[in-house]
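Dumped final-v8.csv below, it's CSV, C-alpha atoms:
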chain,number,residue,atom,x,y,z
T,165,MET,CA,0.0,0.0,0.0
T,166,THR,CA,1.4,3.2,-1.1
T,167,SER,CA,0.6,6.4,0.6
T,168,THR,CA,0.8,9.8,-1.1
T,169,THR,CA,0.8,13.2,0.5
T,170,ALA,CA,-1.2,15.9,-1.2
T,171,ALA,CA,0.6,19.0,-2.2
T,172,PRO,CA,-0.6,22.2,-0.6
T,173,ARG,CA,-3.2,24.1,-2.8
T,174,GLY,CA,-1.5,26.5,-5.2
T,175,ALA,CA,2.0,25.0,-4.7
T,176,GLU,CA,2.1,23.9,-8.3
T,177,SER,CA,1.8,27.5,-9.5
T,178,ARG,CA,4.3,29.1,-7.2
T,179,THR,CA,7.5,30.5,-8.7
T,180,PRO,CA,10.7,31.0,-6.8
T,181,THR,CA,11.0,34.3,-5.1
T,182,GLY,CA,14.1,36.5,-5.1
T,183,PRO,CA,16.1,38.6,-7.6
T,184,GLY,CA,15.9,36.4,-10.6
T,185,PRO,CA,16.7,37.3,-14.2
T,186,THR,CA,13.4,39.0,-14.7
T,187,ALA,CA,13.8,41.3,-11.7
T,188,ALA,CA,17.4,42.1,-12.8
T,189,ALA,CA,16.2,43.0,-16.2
T,190,HIS,CA,13.7,45.6,-14.8
T,191,ALA,CA,16.2,47.1,-12.4
T,192,PRO,CA,16.9,50.8,-13.2
T,193,ASN,CA,20.2,51.6,-14.9
T,194,PRO,CA,21.9,54.4,-13.0
T,195,LEU,CA,23.7,55.6,-16.2
T,196,ALA,CA,20.5,55.7,-18.2
T,197,THR,CA,18.7,57.5,-15.4
T,198,SER,CA,21.5,60.1,-15.2
T,199,LEU,CA,21.6,60.6,-19.0
T,200,GLY,CA,17.8,60.9,-19.1
T,201,PHE,CA,17.9,63.5,-16.4
T,202,VAL,CA,20.5,65.6,-18.2
T,203,ALA,CA,18.6,65.3,-21.5
T,204,ARG,CA,15.4,66.5,-19.9
T,205,LYS,CA,17.1,69.5,-18.3
T,206,LEU,CA,18.8,70.3,-21.7
T,207,GLY,CA,15.5,70.2,-23.5
T,208,LEU,CA,13.9,72.4,-20.9
T,209,PHE,CA,16.8,74.8,-21.1
T,210,ALA,CA,16.6,75.0,-24.9
T,211,LEU,CA,12.9,75.7,-24.8
T,212,THR,CA,13.2,78.3,-22.2
T,213,LEU,CA,16.1,80.0,-24.0
T,214,TRP,CA,14.0,80.1,-27.2
T,215,ALA,CA,11.1,81.7,-25.3
T,216,ALA,CA,13.5,84.3,-23.7
T,217,VAL,CA,15.0,85.2,-27.1
T,218,THR,CA,11.6,85.6,-28.6
T,219,VAL,CA,10.2,87.7,-25.8
T,220,ASN,CA,13.4,89.9,-26.0
T,221,PHE,CA,12.6,90.4,-29.7
T,222,LEU,CA,9.0,91.3,-29.2
T,223,LEU,CA,9.2,93.7,-26.2
T,224,PRO,CA,11.1,96.5,-27.9
T,225,ARG,CA,8.8,96.3,-31.0
T,226,LEU,CA,5.7,96.5,-28.8
T,227,MET,CA,7.0,99.8,-27.4
T,228,PRO,CA,5.9,103.0,-29.2
T,229,GLY,CA,8.3,104.5,-31.7
T,230,THR,CA,11.6,103.2,-33.1
T,231,PRO,CA,15.2,103.4,-31.9
T,232,ALA,CA,15.7,106.5,-34.0
T,233,ASP,CA,12.9,108.5,-32.5
T,234,ALA,CA,14.9,109.5,-29.3
T,235,ALA,CA,17.8,110.7,-31.5
T,236,LEU,CA,15.4,112.6,-33.8
T,237,ALA,CA,13.7,114.2,-30.8
T,238,LYS,CA,17.0,115.5,-29.5
T,239,LEU,CA,17.8,116.9,-32.9
T,240,ALA,CA,14.4,118.5,-33.2
T,241,GLN,CA,15.1,120.6,-30.2
T,242,ASN,CA,17.5,122.6,-32.3
T,243,GLY,CA,15.2,123.0,-35.3
T,244,PRO,CA,13.2,121.0,-37.9
T,245,VAL,CA,14.7,117.7,-39.0
T,246,SER,CA,14.7,117.0,-42.8
T,247,GLU,CA,13.6,113.7,-44.3
T,248,ALA,CA,17.1,113.1,-45.5
T,249,THR,CA,18.5,113.5,-42.0
T,250,LYS,CA,15.8,111.2,-40.6
T,251,ALA,CA,16.6,108.5,-43.2
T,252,ALA,CA,20.4,108.8,-42.5
T,253,ILE,CA,19.9,108.4,-38.8
T,254,GLU,CA,17.6,105.4,-39.3
T,255,ALA,CA,20.1,103.8,-41.5
T,256,GLN,CA,23.0,104.4,-39.0
T,257,LEU,CA,21.0,103.1,-36.0
T,258,GLY,CA,19.7,100.1,-37.9
T,259,VAL,CA,16.0,100.6,-37.7
T,260,PRO,CA,14.3,97.3,-38.6
T,261,THR,CA,12.8,96.9,-42.0
T,262,GLY,CA,10.5,94.3,-43.6
T,263,ASN,CA,7.7,92.3,-42.0
T,264,ILE,CA,7.8,90.9,-38.5
T,265,PHE,CA,8.9,87.4,-39.7
T,266,GLU,CA,11.9,88.9,-41.7
T,267,GLN,CA,12.8,91.0,-38.7
T,268,TYR,CA,12.7,87.9,-36.4
T,269,LEU,CA,15.1,86.0,-38.7
T,270,ALA,CA,17.4,88.9,-38.9
T,271,TYR,CA,17.3,89.2,-35.1
T,272,LEU,CA,18.1,85.5,-34.7
T,273,HIS,CA,21.1,86.0,-37.0
T,274,GLN,CA,22.2,88.9,-34.7
T,275,VAL,CA,21.9,86.7,-31.6
T,276,VAL,CA,24.0,83.9,-33.2
T,277,THR,CA,26.7,86.3,-34.4
T,278,LEU,CA,26.5,88.5,-31.3
T,279,ASP,CA,26.0,91.6,-33.5
T,280,PHE,CA,23.5,94.0,-31.9
T,281,GLY,CA,24.4,97.1,-33.9
T,282,ILE,CA,25.5,100.5,-32.9
T,283,SER,CA,24.8,102.2,-29.5
T,284,TYR,CA,23.6,105.7,-30.1
T,285,THR,CA,24.3,106.7,-26.5
T,286,PHE,CA,28.0,106.0,-27.0
T,287,TYR,CA,27.9,106.5,-30.8
T,288,PRO,CA,29.9,105.3,-32.8
T,289,GLN,CA,30.8,102.4,-30.5
T,290,SER,CA,29.1,99.1,-31.2
T,291,VAL,CA,27.1,97.3,-28.5
T,292,GLY,CA,29.6,94.4,-28.6
T,293,GLU,CA,32.5,96.7,-27.8
T,294,LEU,CA,30.7,98.3,-24.9
T,295,VAL,CA,29.6,95.0,-23.4
T,296,SER,CA,33.0,93.3,-23.8
T,297,ALA,CA,34.7,96.3,-22.1
T,298,ALA,CA,32.2,96.4,-19.1
T,299,LEU,CA,31.7,92.6,-18.6
T,300,PRO,CA,35.1,91.8,-17.0
T,301,TYR,CA,34.7,94.4,-14.3
T,302,THR,CA,31.3,93.1,-13.3
T,303,LEU,CA,32.4,89.4,-13.4
T,304,VAL,CA,35.4,90.1,-11.2
T,305,LEU,CA,33.7,92.4,-8.8
T,306,VAL,CA,30.1,91.0,-8.4
T,307,GLY,CA,30.9,87.4,-9.4
T,308,LEU,CA,33.9,86.9,-7.2
T,309,VAL,CA,32.3,88.6,-4.2
T,310,THR,CA,29.1,86.6,-4.7
T,311,VAL,CA,31.0,83.3,-4.6
T,312,VAL,CA,33.1,84.4,-1.5
T,313,ALA,CA,29.9,85.5,0.3
T,314,PHE,CA,28.2,82.3,-0.5
T,315,VAL,CA,31.0,80.0,0.6
T,316,LEU,CA,31.8,82.1,3.8
T,317,GLY,CA,28.1,82.5,4.7
T,318,THR,CA,27.4,78.8,4.2
T,319,LEU,CA,30.3,77.7,6.4
T,320,LEU,CA,29.4,80.2,9.1
T,321,GLY,CA,25.8,79.0,8.9
T,322,VAL,CA,26.9,75.4,9.4
T,323,LEU,CA,29.1,76.3,12.3
T,324,ALA,CA,26.3,78.3,14.0
T,325,ALA,CA,23.8,75.5,13.6
T,326,TRP,CA,26.2,72.8,14.9
T,327,LYS,CA,27.2,75.0,17.9
T,328,ARG,CA,23.7,76.3,18.5
T,329,GLY,CA,23.2,77.9,21.9
T,330,THR,CA,26.8,79.0,22.2
T,331,TRP,CA,28.6,82.2,21.2
T,332,LEU,CA,29.6,80.6,17.9
T,333,ASP,CA,25.9,80.6,17.1
T,334,SER,CA,25.0,84.0,18.7
T,335,VAL,CA,27.7,86.1,17.1
T,336,PRO,CA,27.2,85.1,13.4
T,337,THR,CA,23.4,85.2,13.8
T,338,LEU,CA,23.3,88.6,15.3
T,339,VAL,CA,25.9,90.0,12.9
T,340,GLY,CA,24.1,88.4,9.9
T,341,SER,CA,20.7,89.8,11.0
T,342,PHE,CA,22.2,93.2,11.5
T,343,MET,CA,24.0,93.3,8.1
T,344,SER,CA,21.2,91.8,6.1
T,345,ALA,CA,18.9,94.7,7.1
T,346,PHE,CA,21.1,97.2,5.3
T,347,PRO,CA,20.1,98.1,1.7
T,348,TYR,CA,22.9,98.1,-1.0
T,349,PHE,CA,22.8,101.9,-1.7
T,350,TRP,CA,22.8,102.9,1.9
T,351,THR,CA,25.8,100.8,2.8
T,352,ALA,CA,27.5,102.0,-0.3
T,353,LEU,CA,26.9,105.7,0.6
T,354,LEU,CA,28.2,105.1,4.2
T,355,LEU,CA,31.4,103.4,3.0
T,356,LEU,CA,31.9,106.1,0.3
T,357,PHE,CA,31.5,108.9,2.9
T,358,PHE,CA,33.6,107.5,5.7
T,359,ALA,CA,36.3,105.4,3.9
T,360,GLY,CA,36.4,107.6,0.8
T,361,TYR,CA,35.8,111.3,1.8
T,362,VAL,CA,36.5,111.4,5.5
T,363,LEU,CA,39.4,108.9,6.0
T,364,ARG,CA,40.5,109.0,2.3
T,365,LEU,CA,41.5,105.4,2.5
T,366,PHE,CA,40.1,104.3,-0.9
T,367,PRO,CA,39.2,105.9,-4.2
T,368,THR,CA,35.6,107.2,-4.5
T,369,SER,CA,34.8,106.4,-8.1
T,370,GLY,CA,36.0,104.5,-11.2
T,371,ALA,CA,37.6,101.1,-11.7
T,372,TYR,CA,41.2,102.4,-12.1
T,373,GLY,CA,43.1,105.7,-11.9
T,374,PRO,CA,42.6,108.5,-14.5
T,375,THR,CA,46.1,108.0,-15.9
T,376,ALA,CA,46.1,104.2,-16.0
T,377,GLU,CA,45.7,102.2,-19.2
T,378,PRO,CA,43.8,98.9,-19.0
T,379,ASN,CA,46.2,96.0,-19.4
T,380,LEU,CA,47.3,92.8,-17.6
T,381,SER,CA,50.3,94.3,-15.8
T,382,PHE,CA,50.6,93.9,-12.0
T,383,GLU,CA,50.5,97.7,-11.7
T,384,PHE,CA,47.2,98.0,-13.4
T,385,LEU,CA,45.7,94.9,-11.7
T,386,GLY,CA,46.7,96.3,-8.3
T,387,ASP,CA,45.2,99.7,-9.1
T,388,ALA,CA,42.0,98.0,-10.2
T,389,LEU,CA,41.9,95.9,-7.1
T,390,TYR,CA,42.4,99.0,-5.0
T,391,HIS,CA,39.5,100.8,-6.7
T,392,GLY,CA,37.2,97.8,-6.2
T,393,VAL,CA,37.6,97.4,-2.5
T,394,LEU,CA,34.6,99.7,-1.5
T,395,PRO,CA,32.1,98.2,-4.0
T,396,ALA,CA,33.2,94.7,-3.0
T,397,LEU,CA,32.8,95.4,0.7
T,398,THR,CA,29.3,96.8,0.0
T,399,ILE,CA,28.2,93.7,-1.8
T,400,LEU,CA,29.9,91.4,0.8
T,401,ILE,CA,28.4,93.2,3.8
T,402,THR,CA,24.8,93.3,2.5
T,403,SER,CA,24.7,89.7,1.2
T,404,LEU,CA,26.7,87.7,3.8
T,405,GLY,CA,24.0,87.8,6.4
T,406,GLY,CA,21.4,86.2,4.2
T,407,TRP,CA,23.6,83.2,3.5
T,408,ILE,CA,24.4,82.8,7.2
T,409,LEU,CA,20.8,82.9,8.3
T,410,GLY,CA,19.5,80.7,5.5
T,411,MET,CA,22.1,78.0,6.0
T,412,ARG,CA,21.7,78.0,9.8
T,413,ASN,CA,17.9,77.6,9.7
T,414,THR,CA,17.9,74.7,7.2
T,415,MET,CA,20.9,73.1,9.0
T,416,ILE,CA,19.1,73.1,12.3
T,417,SER,CA,16.0,71.5,10.7
T,418,THR,CA,18.3,68.8,9.1
T,419,LEU,CA,20.1,68.0,12.4
T,420,GLY,CA,16.8,66.7,13.8
T,421,ASP,CA,16.4,64.0,11.1
T,422,ASP,CA,16.8,60.3,11.9
T,423,TYR,CA,19.8,59.6,9.7
T,424,VAL,CA,21.8,62.3,11.6
T,425,THR,CA,20.9,60.6,14.9
T,426,PHE,CA,21.8,57.2,13.5
T,427,ALA,CA,25.2,58.6,12.3
T,428,GLU,CA,25.8,60.0,15.8
T,429,ALA,CA,24.9,56.6,17.4
T,430,ASN,CA,27.4,54.9,15.1
T,431,GLY,CA,30.2,57.0,16.6
T,432,LEU,CA,31.1,59.0,13.5
T,433,LYS,CA,33.2,62.1,13.9
T,434,PRO,CA,31.3,65.4,14.4
T,435,ARG,CA,32.9,67.0,11.4
T,436,THR,CA,31.9,64.1,9.2
T,437,ILE,CA,28.3,64.3,10.4
T,438,ALA,CA,28.1,68.0,10.1
T,439,LEU,CA,29.6,68.3,6.6
T,440,ARG,CA,28.9,65.0,4.8
T,441,TYR,CA,25.5,64.2,6.2
T,442,ALA,CA,23.7,67.3,7.6
T,443,ALA,CA,25.2,70.1,5.5
T,444,ARG,CA,24.9,68.1,2.2
T,445,ASN,CA,21.2,68.1,2.5
T,446,ALA,CA,20.7,71.4,4.2
T,447,ILE,CA,22.6,73.2,1.4
T,448,LEU,CA,20.1,72.4,-1.3
T,449,PRO,CA,17.8,75.5,-0.6
T,450,ASN,CA,20.8,77.7,-0.4
T,451,LEU,CA,22.1,76.3,-3.6
T,452,THR,CA,18.9,77.4,-5.4
T,453,SER,CA,19.3,80.9,-4.1
T,454,PHE,CA,23.0,80.8,-5.1
T,455,GLY,CA,22.0,79.9,-8.7
T,456,LEU,CA,19.7,82.9,-8.9
T,457,ALA,CA,22.4,85.1,-7.4
T,458,LEU,CA,25.0,83.8,-9.8
T,459,GLY,CA,22.8,84.3,-12.7
T,460,GLY,CA,22.2,87.9,-11.7
T,461,VAL,CA,26.0,88.5,-11.6
T,462,VAL,CA,26.0,89.5,-15.3
T,463,GLY,CA,23.4,92.1,-14.6
T,464,GLY,CA,25.6,93.6,-12.0
T,465,SER,CA,24.7,95.6,-9.0
T,466,ILE,CA,23.2,98.6,-10.6
T,467,LEU,CA,22.9,100.8,-7.5
T,468,VAL,CA,26.4,99.9,-6.2
T,469,GLU,CA,28.0,100.5,-9.6
T,470,GLN,CA,26.1,103.8,-9.9
T,471,VAL,CA,27.1,105.1,-6.5
T,472,PHE,CA,30.8,104.3,-7.1
T,473,GLY,CA,30.8,105.2,-10.8
T,474,TYR,CA,32.1,101.6,-11.5
T,475,PRO,CA,32.1,100.9,-15.3
T,476,GLY,CA,30.4,97.5,-15.1
T,477,ILE,CA,27.3,96.1,-16.7
T,478,GLY,CA,25.0,97.6,-14.1
T,479,TYR,CA,26.4,101.1,-14.8
T,480,LEU,CA,26.0,100.4,-18.6
T,481,LEU,CA,22.5,99.3,-18.2
T,482,PHE,CA,21.5,102.3,-16.2
T,483,ASN,CA,22.8,104.6,-18.9
T,484,ALA,CA,21.1,102.6,-21.6
T,485,VAL,CA,17.7,102.8,-19.9
T,486,THR,CA,18.2,106.5,-19.1
T,487,ASN,CA,19.0,107.4,-22.7
T,488,GLN,CA,16.5,104.9,-24.3
T,489,ASP,CA,19.3,103.1,-26.0
T,490,TYR,CA,17.3,100.2,-27.4
T,491,PRO,CA,20.0,98.2,-29.1
T,492,LEU,CA,22.2,98.3,-26.0
T,493,MET,CA,19.2,97.5,-23.7
T,494,GLN,CA,18.2,94.6,-25.9
T,495,ALA,CA,21.7,93.0,-25.8
T,496,LEU,CA,22.0,93.5,-22.0
T,497,PHE,CA,18.6,92.1,-21.2
T,498,LEU,CA,19.2,89.1,-23.4
T,499,MET,CA,22.6,88.5,-21.8
T,500,ILE,CA,21.2,88.7,-18.3
T,501,THR,CA,18.4,86.3,-19.2
T,502,VAL,CA,20.8,83.8,-20.7
T,503,SER,CA,23.1,84.0,-17.7
T,504,VAL,CA,20.2,83.3,-15.3
T,505,LEU,CA,19.1,80.3,-17.4
T,506,ILE,CA,22.7,78.9,-17.6
T,507,ALA,CA,23.1,79.3,-13.8
T,508,ASN,CA,19.8,77.6,-13.1
T,509,PHE,CA,20.7,74.7,-15.5
T,510,LEU,CA,24.0,74.1,-13.7
T,511,VAL,CA,22.3,74.2,-10.3
T,512,ASP,CA,19.7,71.6,-11.5
T,513,ILE,CA,22.6,69.3,-12.6
T,514,LEU,CA,24.4,69.9,-9.2
T,515,TYR,CA,21.1,69.1,-7.5
T,516,GLY,CA,21.0,65.8,-9.2
T,517,VAL,CA,24.5,65.0,-8.0
T,518,LEU,CA,23.8,66.0,-4.4
T,519,ASP,CA,20.3,64.4,-4.2
T,520,PRO,CA,19.9,61.4,-6.5
T,521,ARG,CA,16.1,61.4,-5.9
T,522,THR,CA,15.8,64.4,-8.2
T,523,ARG,CA,17.1,62.4,-11.1
T,524,ARG,CA,14.0,60.1,-11.2
Now, as a test, write the supplied structure out as structure tokens.
Amino acid sequence: MTSTTAAPRGAESRTPTGPGPTAAAHAPNPLATSLGFVARKLGLFALTLWAAVTVNFLLPRLMPGTPADAALAKLAQNGPVSEATKAAIEAQLGVPTGNIFEQYLAYLHQVVTLDFGISYTFYPQSVGELVSAALPYTLVLVGLVTVVAFVLGTLLGVLAAWKRGTWLDSVPTLVGSFMSAFPYFWTALLLLFFAGYVLRLFPTSGAYGPTAEPNLSFEFLGDALYHGVLPALTILITSLGGWILGMRNTMISTLGDDYVTFAEANGLKPRTIALRYAARNAILPNLTSFGLALGGVVGGSILVEQVFGYPGIGYLLFNAVTNQDYPLMQALFLMITVSVLIANFLVDILYGVLDPRTRR
């Protein structure tokens, strides 16, 4: 007599569990995920760039008049302007001709070739010459100071949060709150008055001495650095407090998370916990603000450059708007927009490196 044992119901249809070939085939590929993330960001960047270029083309054409009207109005103050003079001015200033589609194609060609015509505020200089002469001063002054303020403010914010409740927390917090309440122009005027006029420690205007010739010699670079001290201090003083307070607040919130407590329980060094665990996640909101600030570097600090007579992009933009210099304004607005888009794109990529969850 042979006895048989019945198999449990459903056993014949069961399949082995665990990571088999099918599960491995459906596992996400890290390289493909990263490439897809970068491709999506590039597509969004290209679409946004095209929209910014198109809006920059349409806005001046929606405004009443043409670029030659301001120049003709100035000439009309001295008497009637003949048609021949009007036609000559329009030809010199490059007044658009043809239908809107032809103008758009011509404008795209200007953008690609970086040829935006002649500035009639600084006639006969071209827009490209003016921008290339002013851009290095703004990049060195505003760009370098923005990076220094971000790095220094972030480190001080991490220190204040890690040592919260001590003097290492109180001093940076109070100083940061005090400095962040000062507007740019007010701080610039204070430094200009006391350090420039009263104490006569630094020059009060310009990017270099009146007899200096721009070049790459140590003498000129030292003179330019000396002239840039007061504008740099103005930007550093007014922006450092925001980075300190922002990083401190997000850092304190991050220190209460479970993974920080787990890292402390495992006996990791305090510096490792603070920098590699807590600060890496807490810096993400600050990084977004830094991207916007870095994108605005090209635009310069208009008020600061105006107070100190610093020949950067902000000073150039102020003169362009004041004198209704449409070719120069159009080039500067486009350059500022593109710089903001590039900065945001780089921040998005860096976000994906610091926080892999954003790549999904």
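Using only C-alpha atoms, the shortest contact distance between T:Val202 and any of T:Leu222, T:Leu305, T:Val502, T:Leu514 is found at T:Leu514.
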Original post:
Counting all atoms listed in the file, which of T:Trp407, T:Phe384, T:Tyr441, T:Phe201 gets nearest to T:Ser341?
Top reply: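 Selected residue with least distance to T:Ser341: T:Trp407.
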Could you state the separation of atom CA of T:Tyr284 and atom CA of T:Thr249 in Å, given to one decimal place?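 One can read the atom CA of T:Tyr284 to atom CA of T:Thr249 distance as 15.1 Å.
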Can you tell me, as a list of chain:residue names, what residues are no more than 9 Å from T:His391 when counting only C-alpha atoms, ignoring any on the same chain fewer than 2 positions away?
-> T:Phe366, T:Pro367, T:Thr368, T:Ser369, T:Gly370, T:Ala371, T:Tyr372, T:Gly373, T:Gly386, T:Asp387, T:Ala388, T:Leu389, T:Val393, T:Leu394, T:Pro395, T:Tyr474
Q. Of the candidates T:Ala210, T:Ala457, T:Leu236, T:Ile477, which shows the shortest atom-to-atom distance to T:Leu492, using all atoms listed in the file?
A.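 Checking each of T:Ala210, T:Ala457, T:Leu236, T:Ile477 against T:Leu492, counting all atoms listed in the file, the winner is T:Ile477.
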